[in-house]
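Engineer: Here it is, the structure in full.
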Amino acid sequence: MTITTDTVTALAPDQASLKAASKLMKAAKWPVRLRDEVSNLVWGECQGSGANPYRVVFDASDQGYKCTCPSRKFPCKHTLALMWMYAETPADFGAGDVPDWVTDWLGRRRKTGAAPADKPSSKGKSLSLARAEKPEKPEDPAAIARREAAAKKRAEETEAALLTAVDDLEVWIEDQLRTGLGALLNDLPTRCRAIAARMVDGKAGALAGRIDEIPGRVLALTGEERLDALIAQLGKLVILTRAFRADPQQPDIRRAVATAEKREDVLADPNALRVKSTWEVVGERVTTRRDDLVIHAKWLLNLQAHGPRFALLLDFFPASLGRRSTAFANGEQFEAELVFYPARAPLRALVDQRKTCDPKAWPAPEAEPLAEAARFETALPWNEVAPVLLPPGRIALSGKRSWWTAAGGDLSLPLDQPPPDAVTGMALEAASALWDGARLSLLSAQTDWGRVALDG
């Protein structure tokens with residue numbers, strides 16, 4: 001048995017699924033398309049709206065399939081698109097070794113070899129109709145003018161709402177300073193929730209999400225550290241609001257206040273920074289906001305000499321979907337072209353093209369551990385953290401506090417949480433970490449024993 005276009009038509013749950021699949025049949029959307037002729041397995045990765053592509057696999061011998069997307073249609077549009085492309089141009093699928101995630105799927109699936117009891121029907125479904133583009137009717141000039149006028153009005157209303165939001169935030173901060181930060185600390189979640197709601201009303205969604213995170217960041221610290229952390233948080237907010245007021249169209253500022261650019265717009269931007277290099281996933285952070293939005297952050301280290309040293313991949317999804325699988329395993333290395341969001345210090349990026357690579361060593365860190373963090377802070381002083389590559393050192397304990405100490409003992413930096421017992425005192429050849437201006441959050445390290453994950 002093999003996959004044909006008739007198979008795709010029959011398996012599709014409806015015509016709408018075929019239409020959706022036809023829009024995904026572009027090589028640019030599939031950074032990975034591979035097959036193994038011995039096992040008849042075909043797999044790929046389809047880049048969706050998030051940082052992590054959806055992983056799709058199907059067995060050409062019995063039409064079994066799996067996709068990591070949350071669709072409730074079976075098969076989903078990603079599976080149909082991969083099958084469709086394979087049915088028409090199998091030569092476009094390179095030979096590859098079966099990856100671990102496909103092997104894991106094989107181990108968990110039921111495969112009886114028997115034909116399905118109810119053979120899928122092709123009735124009412126057509127690939128040619130799915131591919132057909134409806135002829136566009138010439139639009140009435142008056143309708144075009146009305147649409148453009150409405151769009152202009154919405155843009156003006158958005159700008160006015162954003163400026164009002166940042167003004168309200170500054171007034172709120174002034175009120176907290178006037179009434180005392182001690183009182184704010186005692187009622188921090190409630191007060192932050194109230195002002196965050198006003199930011200949402202003012203279309204400043206990114207700013208609202210940031211304010212929602214302040215109680216978690218501050219109250220996780222010990223009592224004597226909370227006041228300093230709160231002052232730092234409020235200070236960064238003031239810097240951000242004033243920067244927005246001075247230049248509301250600056251991409252990195254607007255992204256921190258309102259919302260990020262669409263993925264498609266970033267990839268299509270001819271002026272976007274594109275870096276082809278070898279990357280390693282050095283750590284991840286998964287956080288759930290108060291509004292039940294999960295933020296999945298993947299930190300990448302550039303293993304070659306050109307381009308930014310670090311890149312950040314961000315994915316957002318509702319907590320109701322549960323933990324989603326990711327196409328980027330911690331410690332994995334791969335060759336890829338990354339497209340960076342416009343910024344004065346490029347960091348957030350998207351993966352455009354990707355393939356496997358031979359293992360490579362980490363680059364040499366800078367002599368001054370916090371030099372890179374200082375450059376990030378200078379360019380984007382409102383950012384919460386900056387990635388750093390630390391030189392050789394050790395993790396030491398002093399009382400209740402853990403420290404990273406450079407070899408030679410000329411610099412010690414406090415850690416945000418105790419490291420695994422196994423690495424305390426171990427010589428670290430290099431370490432990747434996040435610096436928030438007061439503490440280090442270790443991600444991973446290179447040691448005599450090999451690579452060690454330190455981010456929990």
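FYI, nothing fancy with the structure tokens labels: chains A, B, ... in order, residues from 1 per chain, ligands from 1 as they appear.
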Excluding same-chain residues fewer than 6 positions from range 276-282 of chain A, what lies within 6 Å of it counting only C-alpha atoms, as an mmCIF file with N, CA, C and O atoms, in the first residue's frame?

Structural biologist:
data_model
loop_
_atom_site.group_PDB
_atom_site.id
_atom_site.type_symbol
_atom_site.label_atom_id
_atom_site.label_comp_id
_atom_site.auth_asym_id
_atom_site.auth_seq_id
_atom_site.Cartn_x
_atom_site.Cartn_y
_atom_site.Cartn_z
ATOM 1 N N TRP A 299 15.938 29.076 24.307
ATOM 2 C CA TRP A 299 17.148 29.882 24.136
ATOM 3 C C TRP A 299 18.144 29.109 23.290
ATOM 4 O O TRP A 299 18.484 27.965 23.595
ATOM 5 N N LEU A 300 18.612 29.743 22.217
ATOM 6 C CA LEU A 300 19.563 29.126 21.297
ATOM 7 C C LEU A 300 20.910 29.835 21.390
ATOM 8 O O LEU A 300 20.976 31.063 21.511
ATOM 9 N N LEU A 301 21.977 29.046 21.306
ATOM 10 C CA LEU A 301 23.341 29.584 21.291
ATOM 11 C C LEU A 301 23.909 29.417 19.890
ATOM 12 O O LEU A 301 23.856 28.324 19.316
ATOM 13 N N ASN A 302 24.457 30.498 19.332
ATOM 14 C CA ASN A 302 25.095 30.476 18.022
ATOM 15 C C ASN A 302 26.481 29.857 18.171
ATOM 16 O O ASN A 302 27.330 30.380 18.889
ATOM 17 N N LEU A 303 26.723 28.749 17.491
ATOM 18 C CA LEU A 303 27.991 28.035 17.632
ATOM 19 C C LEU A 303 29.039 28.492 16.639
ATOM 20 O O LEU A 303 30.161 27.963 16.644
ATOM 21 N N ASN A 330 16.123 20.101 24.259
ATOM 22 C CA ASN A 330 17.212 20.731 24.991
ATOM 23 C C ASN A 330 18.514 19.992 24.692
ATOM 24 O O ASN A 330 18.590 18.766 24.805
ATOM 25 N N GLY A 331 19.539 20.740 24.293
ATOM 26 C CA GLY A 331 20.823 20.152 23.953
ATOM 27 C C GLY A 331 20.982 19.817 22.486
ATOM 28 O O GLY A 331 22.076 19.479 22.032
ATOM 29 N N GLU A 332 19.904 19.904 21.711
ATOM 30 C CA GLU A 332 19.959 19.576 20.285
ATOM 31 C C GLU A 332 20.723 20.645 19.513
ATOM 32 O O GLU A 332 20.600 21.838 19.774
ATOM 33 N N GLN A 333 21.516 20.209 18.544
ATOM 34 C CA GLN A 333 22.201 21.117 17.629
ATOM 35 C C GLN A 333 21.628 20.929 16.225
ATOM 36 O O GLN A 333 21.293 19.818 15.824
ATOM 37 N N PHE A 334 21.538 22.024 15.476
ATOM 38 C CA PHE A 334 21.027 21.954 14.112
ATOM 39 C C PHE A 334 21.513 23.165 13.327
ATOM 40 O O PHE A 334 21.834 24.208 13.897
ATOM 41 N N GLU A 335 21.570 22.996 12.024
ATOM 42 C CA GLU A 335 21.865 24.120 11.133
ATOM 43 C C GLU A 335 20.544 24.754 10.731
ATOM 44 O O GLU A 335 19.577 24.052 10.427
ATOM 45 N N ALA A 336 20.511 26.069 10.737
ATOM 46 C CA ALA A 336 19.253 26.740 10.413
ATOM 47 C C ALA A 336 19.517 28.171 9.997
ATOM 48 O O ALA A 336 20.534 28.783 10.378
ATOM 49 N N GLU A 337 18.576 28.690 9.212
ATOM 50 C CA GLU A 337 18.545 30.122 8.948
ATOM 51 C C GLU A 337 17.497 30.722 9.865
ATOM 52 O O GLU A 337 16.322 30.362 9.803
ATOM 53 N N SER A 444 22.544 25.948 31.025
ATOM 54 C CA SER A 444 23.292 24.715 30.779
ATOM 55 C C SER A 444 24.774 25.037 30.850
ATOM 56 O O SER A 444 25.179 26.197 30.853
#

Engineer: Produce a table with one row for each residue of range 55-171 of chain A that has an atom at most 8 Å from any atom of range 199-221 of chain A, each row naming the nearest atom pair and its distance in Å at one decimal; use only C-alpha atoms; arrange rows by chain and rising residue number; format as JSON lines.

Structural biologist:
{"residue": "A:Thr158", "atom": "CA", "partner": "A:Lys203", "partner_atom": "CA", "distance": 6.9}
{"residue": "A:Ala161", "atom": "CA", "partner": "A:Gly202", "partner_atom": "CA", "distance": 4.8}
{"residue": "A:Leu162", "atom": "CA", "partner": "A:Gly202", "partner_atom": "CA", "distance": 5.5}
{"residue": "A:Thr164", "atom": "CA", "partner": "A:Gly202", "partner_atom": "CA", "distance": 6.9}
{"residue": "A:Ala165", "atom": "CA", "partner": "A:Gly202", "partner_atom": "CA", "distance": 5.1}
{"residue": "A:Val166", "atom": "CA", "partner": "A:Met199", "partner_atom": "CA", "distance": 7.9}
{"residue": "A:Leu169", "atom": "CA", "partner": "A:Met199", "partner_atom": "CA", "distance": 7.9}

Engineer: Can those selected residues be exported to a file as a PDB file, in the first residue's frame so that it contains N, CA, C and O atoms?

Structural biologist:
ATOM      1  N   THR A 158      -6.314  53.104  17.869  1.00  0.00           N
ATOM      2  CA  THR A 158      -5.333  52.265  18.570  1.00  0.00           C
ATOM      3  C   THR A 158      -4.203  53.102  19.126  1.00  0.00           C
ATOM      4  O   THR A 158      -3.784  52.923  20.283  1.00  0.00           O
ATOM      5  N   ALA A 161      -5.415  55.002  22.112  1.00  0.00           N
ATOM      6  CA  ALA A 161      -5.605  54.119  23.260  1.00  0.00           C
ATOM      7  C   ALA A 161      -4.273  53.733  23.888  1.00  0.00           C
ATOM      8  O   ALA A 161      -4.136  53.680  25.125  1.00  0.00           O
ATOM      9  N   LEU A 162      -3.261  53.468  23.060  1.00  0.00           N
ATOM     10  CA  LEU A 162      -1.947  53.096  23.585  1.00  0.00           C
ATOM     11  C   LEU A 162      -1.306  54.243  24.356  1.00  0.00           C
ATOM     12  O   LEU A 162      -0.726  54.035  25.438  1.00  0.00           O
ATOM     13  N   THR A 164      -2.869  56.665  25.842  1.00  0.00           N
ATOM     14  CA  THR A 164      -3.619  56.804  27.090  1.00  0.00           C
ATOM     15  C   THR A 164      -3.196  55.733  28.091  1.00  0.00           C
ATOM     16  O   THR A 164      -3.065  55.998  29.293  1.00  0.00           O
ATOM     17  N   ALA A 165      -2.962  54.514  27.608  1.00  0.00           N
ATOM     18  CA  ALA A 165      -2.559  53.416  28.491  1.00  0.00           C
ATOM     19  C   ALA A 165      -1.217  53.704  29.169  1.00  0.00           C
ATOM     20  O   ALA A 165      -1.085  53.511  30.383  1.00  0.00           O
ATOM     21  N   VAL A 166      -0.223  54.148  28.396  1.00  0.00           N
ATOM     22  CA  VAL A 166       1.078  54.402  29.013  1.00  0.00           C
ATOM     23  C   VAL A 166       0.999  55.598  29.959  1.00  0.00           C
ATOM     24  O   VAL A 166       1.694  55.635  30.994  1.00  0.00           O
ATOM     25  N   LEU A 169      -0.462  54.272  33.138  1.00  0.00           N
ATOM     26  CA  LEU A 169       0.513  53.471  33.888  1.00  0.00           C
ATOM     27  C   LEU A 169       1.476  54.360  34.665  1.00  0.00           C
ATOM     28  O   LEU A 169       1.790  54.081  35.828  1.00  0.00           O
TER      29      LEU A 169
END

Engineer: Which residues are near range 235-245 of chain A? Cut-off 7 Å, only C-alpha atoms, ignore same chain within fewer than 3 positions. Put them as number ranges by chain.

Structural biologist: A: 163, 166, 170, 231-232, 248, 253-254, 381-382

Engineer: I'd like the neighbourhood of Asp59 in chain A as a PDB file with C-alpha atoms, in the first residue's frame, where a residue qualifies if any of its atoms comes within 7 Å (using only C-alpha atoms), though same-chain residues fewer than 6 positions away should be ignored.

Structural biologist:
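What follows is the written file selection.pdb:
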ATOM      1  CA  ASN A  40       7.937   3.361   4.733  1.00  0.00           C
ATOM      2  CA  LEU A  41       7.868   6.241   7.207  1.00  0.00           C
ATOM      3  CA  VAL A  42       7.542   9.864   6.058  1.00  0.00           C
ATOM      4  CA  TYR A  65      -0.374   9.203  11.053  1.00  0.00           C
TER       5      TYR A  65
END

Engineer: Extract, using only C-alpha atoms, all DNA, RNA and protein residues at most 12 Å from Ala91 in chain A, discarding same-chain residues fewer than 6 positions from it, and format them as a list in words.

Structural biologist: Arg33, Leu34, Arg35, Glu37 and Met85 of chain A

Engineer: Determine the nearest neighbour of Leu234 in chain A from the options A:Phe317, A:Ile173, A:Ala194, A:Arg178, counting only C-alpha atoms.

Structural biologist: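 Ranked by minimum distance to Leu234 in chain A, first place goes to A:Ile173.
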
Engineer: Please report the interatomic distance between CA of Gly48 in chain A and CA of Leu24 in chain A in Å with one decimal.

Structural biologist: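 Going from CA of Gly48 in chain A over to CA of Leu24 in chain A, I get 9.5 Å.
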